[in-house]
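Text of data-v2.cif, listed as mmCIF, C-alpha atoms:
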data_structure
loop_
_atom_site.group_PDB
_atom_site.id
_atom_site.type_symbol
_atom_site.label_atom_id
_atom_site.label_comp_id
_atom_site.auth_asym_id
_atom_site.auth_seq_id
_atom_site.Cartn_x
_atom_site.Cartn_y
_atom_site.Cartn_z
ATOM 1 C CA MET D 1 118.192 67.985 111.556
ATOM 2 C CA LYS D 2 119.485 70.596 109.154
ATOM 3 C CA SER D 3 117.739 71.914 106.051
ATOM 4 C CA GLU D 4 118.926 71.026 102.545
ATOM 5 C CA LYS D 5 118.786 74.731 101.720
ATOM 6 C CA GLY D 6 122.160 76.418 101.912
ATOM 7 C CA PHE D 7 123.087 78.946 104.574
ATOM 8 C CA VAL D 8 125.202 81.125 102.263
ATOM 9 C CA PRO D 9 122.549 81.535 99.526
ATOM 10 C CA ALA D 10 119.887 82.292 102.153
ATOM 11 C CA ILE D 11 121.991 84.946 103.893
ATOM 12 C CA LEU D 12 123.042 86.575 100.604
ATOM 13 C CA LEU D 13 119.488 86.624 99.241
ATOM 14 C CA CYS D 14 118.240 88.131 102.486
ATOM 15 C CA PHE D 15 120.991 90.760 102.574
ATOM 16 C CA PHE D 16 120.636 91.911 98.971
ATOM 17 C CA LEU D 17 116.966 91.173 98.208
ATOM 18 C CA GLY D 18 115.432 90.854 101.677
ATOM 19 C CA ALA D 19 112.902 93.628 101.125
ATOM 20 C CA LEU D 20 111.491 91.593 98.231
ATOM 21 C CA GLY D 21 111.276 88.389 100.285
ATOM 22 C CA VAL D 22 113.423 86.410 97.838
ATOM 23 C CA HIS D 23 115.057 84.432 100.675
ATOM 24 C CA ARG D 24 111.612 83.211 101.755
ATOM 25 C CA PHE D 25 110.835 82.001 98.236
ATOM 26 C CA TYR D 26 114.212 80.198 98.303
ATOM 27 C CA VAL D 27 113.349 78.223 101.453
ATOM 28 C CA GLY D 28 109.838 77.379 100.196
ATOM 29 C CA LYS D 29 107.804 79.867 102.225
ATOM 30 C CA ILE D 30 105.861 81.186 99.250
ATOM 31 C CA GLY D 31 102.969 82.753 101.179
ATOM 32 C CA THR D 32 105.113 84.867 103.483
ATOM 33 C CA GLY D 33 107.424 85.612 100.551
ATOM 34 C CA ILE D 34 104.513 87.194 98.710
ATOM 35 C CA LEU D 35 103.547 89.172 101.822
ATOM 36 C CA GLN D 36 107.097 90.411 102.179
ATOM 37 C CA LEU D 37 107.186 91.328 98.511
ATOM 38 C CA PHE D 38 104.048 93.487 98.782
ATOM 39 C CA THR D 39 105.086 95.150 102.063
ATOM 40 C CA LEU D 40 108.733 95.639 101.010
ATOM 41 C CA GLY D 41 109.942 93.417 103.806
ATOM 42 C CA GLY D 42 107.608 94.998 106.345
ATOM 43 C CA LEU D 43 109.260 98.339 105.504
ATOM 44 C CA GLY D 44 112.616 96.695 106.115
ATOM 45 C CA ILE D 45 111.916 95.539 109.667
ATOM 46 C CA TRP D 46 110.741 92.048 108.705
ATOM 47 C CA ALA D 47 113.760 91.603 106.419
ATOM 48 C CA LEU D 48 116.117 92.724 109.209
ATOM 49 C CA VAL D 49 114.565 90.268 111.660
ATOM 50 C CA ASP D 50 114.883 87.469 109.095
ATOM 51 C CA PHE D 51 118.535 88.396 108.495
ATOM 52 C CA ILE D 52 119.273 88.188 112.226
ATOM 53 C CA MET D 53 117.436 84.867 112.479
ATOM 54 C CA ILE D 54 119.435 83.410 109.573
ATOM 55 C CA VAL D 55 122.751 84.577 111.071
ATOM 56 C CA THR D 56 121.907 83.078 114.482
ATOM 57 C CA GLY D 57 120.692 79.777 112.964
ATOM 58 C CA ASN D 58 117.054 80.180 114.020
ATOM 59 C CA PHE D 59 115.521 80.591 110.539
ATOM 60 C CA LYS D 60 113.608 77.527 109.336
ATOM 61 C CA ASP D 61 112.587 76.289 105.900
ATOM 62 C CA LYS D 62 109.107 75.142 104.847
ATOM 63 C CA GLN D 63 109.582 71.749 106.529
ATOM 64 C CA GLY D 64 110.593 73.380 109.816
ATOM 65 C CA LEU D 65 114.263 72.429 109.501
ATOM 66 C CA ALA D 66 116.853 75.003 110.585
ATOM 67 C CA ILE D 67 119.078 76.649 107.997
ATOM 68 C CA LYS D 68 122.491 76.622 109.643
ATOM 69 C CA ALA D 69 126.079 77.016 108.555
ATOM 70 C CA SER D 70 127.874 73.686 108.461
#
In structure tokens, what does this structure look like?
Amino acid sequence: MKSEKGFVPAILLCFFLGALGVHRFYVGKIGTGILQLFTLGGLGIWALVDFIMIVTGNFKDKQGLAIKAS
């Protein structure tokens, strides 16, 4: 199954605000969003990994459903 959360908003939020973890708040992962916010995206590494995962279709929302382009 595919997540209700949109691929385009997730990728744009990650690209522009990834260091603040905004894309994680968007998909419902509040806890890791807060961690990313305080660590500035794991000094950018965590945000980069998330960006790659979103692009490849391996990033999941809070319910464990993949966020993929349609």
- Can you work out which one of D:Asp61, D:Phe51, D:Thr39, D:Ser70 has the shortest atom-to-atom distance to Ile11 in chain D, counting all atoms listed in the file? D:Phe51
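The residue that comes closest to Thr56 in chain D, out of D:Gly33, D:Gly44, D:Ala69, D:Leu17 and on the basis of only C-alpha atoms, is D:Ala69.
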- Query: How far is it from CA of Gly28 in chain D to CA of Leu43 in chain D, in Å with one decimal?
  - Reply: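 So the two atoms, CA of Gly28 in chain D and CA of Leu43 in chain D, lie 21.6 Å apart.
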- Task: Apply the PyMOL selection byres ((chain D and resi 67) around 10) to the displayed file and report the matching residues as a list in words.
- Result: Met1, Lys2, Ser3, Glu4, Lys5, Gly6, Phe7, Val8, Ala10, Ile11, Val27, Met53, Ile54, Val55, Thr56, Gly57, Asn58, Phe59, Lys60, Asp61, Gly64, Leu65, Ala66, Lys68, Ala69 and Ser70 of chain D
Determine the axis-aligned bounding box of all atoms of range 29-35 of chain D present in the file, pad each side by 4 Å, and express its centre and edge lengths in Å to one decimal place as lines of an AutoDock Vina configuration file.
center_x = 105.4
center_y = 84.5
center_z = 101.1
size_x = 12.8
size_y = 17.3
size_z = 12.8
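Shell of Leu20 in chain D at 10 Å, with all atoms listed in the file counted and residues fewer than 6 places along the chain excluded, is Leu13, Cys14, Gly33, Ile34, Leu35, Gln36, Leu37, Phe38, Thr39, Leu40, Gly41, Gly42, Gly44 and Ala47 of chain D.
Checking D:Arg24, D:Ala19, D:Ile30, D:Lys62 one by one against Ile45 in chain D, counting all atoms listed in the file, you find the shortest gap at D:Ala19.
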